[in-house]
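Asker: The structure under discussion is supplied below as structure tokens; questions concerning it will follow.
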Amino acid sequence: MSVELTVIEAADLKGKNADGSSDPVVEVTLGKQVRMTQVVQASVNPVWRETFSLDVSEESMQNGQNPEGQTNIQIVVWNASKKGSQGGGGGGKGSFLGQVSLDVVSSEDTVTTEGWYKLEKRSNRSHVNGNIRLKLVVIPAAEVASQRQREQMAREEETSLRNQTVNRRAQEQLDMQRTKQARQQREQRAAQHEEERRREDAEETARAMKQKMRLESALIGSKAATNSNKEDDPWLDEASVPTRQYSDSETSFASVTSTLERPSMQRNGSSMGRNSDMPKVVVSSKYTRYSAEEDGKSQSKCCW
């Protein structure tokens, strides 16, 4: 069985301080269970509204049980300014402001009692005044067991939810870490591919530059060889010699370097004239052709 006692308020308490007020505090005792309210400073009409749960076991019932099957809850009001913050009664310590004794009767159903109770003296020499308002709820053992089971289930469910939350957060962190690692790996692979592409481009550019340099070197060598041949044989430079066109009776060439005339020549036992009777020699850059006119006949010879 379980008891819930709510200390609500008190009214018209005896003033124990010099200014006529008190600093009341309430002490609740059931067997070895002791509960204390907060101290209300300088008031004879204090309000607490504090609830205490007390367990009424079979042992406590037997220890505090009277012949009518009841157990008592002692409620004592003290003036804390003289008693101190620890409370407690007896031994002439502190100022006693009154007390109430409540009987708790076991029941199969939940019983709720609320009301004002007159504060009583503990001896004939006590000066007590005022009332206290209390609310008592007696919960049967079956209901207590059911309530405890519900509380246990609620705690287990809360623990399960807390564990699920922790596991979910841990899984989320693990997923985030895996995602981050995968992204880093992708970035590393992309960087490696980009580096390989740049290296291949650089190698291709180097090969192209080498090929270009070889071609330029070969072209320069070819030009040098051509210039050397021209210096050795000036006849190979066709653009450097004068040219002229010849008549149809003469053999025409694309480039003619000069016409050589011989002063005299013996042919067939006769002497040729210096101009008309002299053979004309035409020299080309590619070959030399001789053209001779004798007795109205044109003869030509060629030599390399």
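A note on labels: chains of the structure tokens are A, B, ... as shown, every chain counts residues from 1, and ligands are counted from 1 in their shown order.
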Show me, as a list in words, the residues that have an atom within 8 Å of Lys14 in chain A when counting only C-alpha atoms, minus same-chain residues fewer than 5 positions from it.

Answerer: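 So the residues in contact are Ser21, Ser22, Val44, Leu97, His127, Val128, Asn129 and Gly130 of chain A.
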
Asker: Please, could you write that set of residues out with C-alpha atoms as an mmCIF file, in the first residue's frame?

Answerer:
data_model
loop_
_atom_site.group_PDB
_atom_site.id
_atom_site.type_symbol
_atom_site.label_atom_id
_atom_site.label_comp_id
_atom_site.auth_asym_id
_atom_site.auth_seq_id
_atom_site.Cartn_x
_atom_site.Cartn_y
_atom_site.Cartn_z
ATOM 1 C CA SER A 21 5.548 35.986 13.087
ATOM 2 C CA SER A 22 6.905 32.463 12.681
ATOM 3 C CA VAL A 44 1.599 32.712 10.301
ATOM 4 C CA LEU A 97 3.564 25.060 16.718
ATOM 5 C CA HIS A 127 0.708 26.956 23.415
ATOM 6 C CA VAL A 128 -0.807 26.020 20.069
ATOM 7 C CA ASN A 129 -3.080 27.829 17.706
ATOM 8 C CA GLY A 130 -4.258 27.451 14.110
#

Asker: Would you pick out the contacts of Lys121 in chain A at 7 Å or less, using only C-alpha atoms, so that residues sharing its chain but fewer than 3 positions from it are not included, and give the list as a ChimeraX atom specification?

Answerer: /A:98-99,124,126,128

Asker: My list of candidates is A:Ala18, A:Val34, A:Ala11, A:Val26. Which is closest to Pro46 in chain A when distances are computed with only C-alpha atoms?

Answerer: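 Result for the nearest residue to Pro46 in chain A: A:Ala11.
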
Asker: Quote the spacing between CA of Ala224 in chain A and CA of Arg207 in chain A in Å to one decimal place.

Answerer: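 The value is 25.4 Å.
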
Asker: Quick one: of A:Asp12, A:Glu187, A:Gln41, A:Arg198, who's nearest to Pro24 in chain A, counting only C-alpha atoms?

Answerer: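 Closest candidate: A:Gln41.
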
Asker: Between A:Gln38, A:Gln152, A:Ser107, A:Asn17, single out the one closest to Val138 in chain A, counting only C-alpha atoms.

Answerer: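 With only C-alpha atoms as the atom set, the closest residue is A:Ser107.
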
Asker: Tell me, which residues of range 22-190 of chain A carry DSSP helix (DSSP H, G or I), written as a PyMOL selection string?

Answerer: chain A and resi 58-64+80-83+141-190

Asker: Any idea what the distance is between CA of Lys135 in chain A and CA of Ser123 in chain A?

Answerer: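 Here the two named atoms are 25.8 Å from each other.
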
Asker: Which residue, A:Arg133, A:Arg214, A:Arg186, A:Arg155, has the smallest gap to Arg49 in chain A when you use only C-alpha atoms?

Answerer: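 Counting only C-alpha atoms, the residue closest to Arg49 in chain A is A:Arg133.
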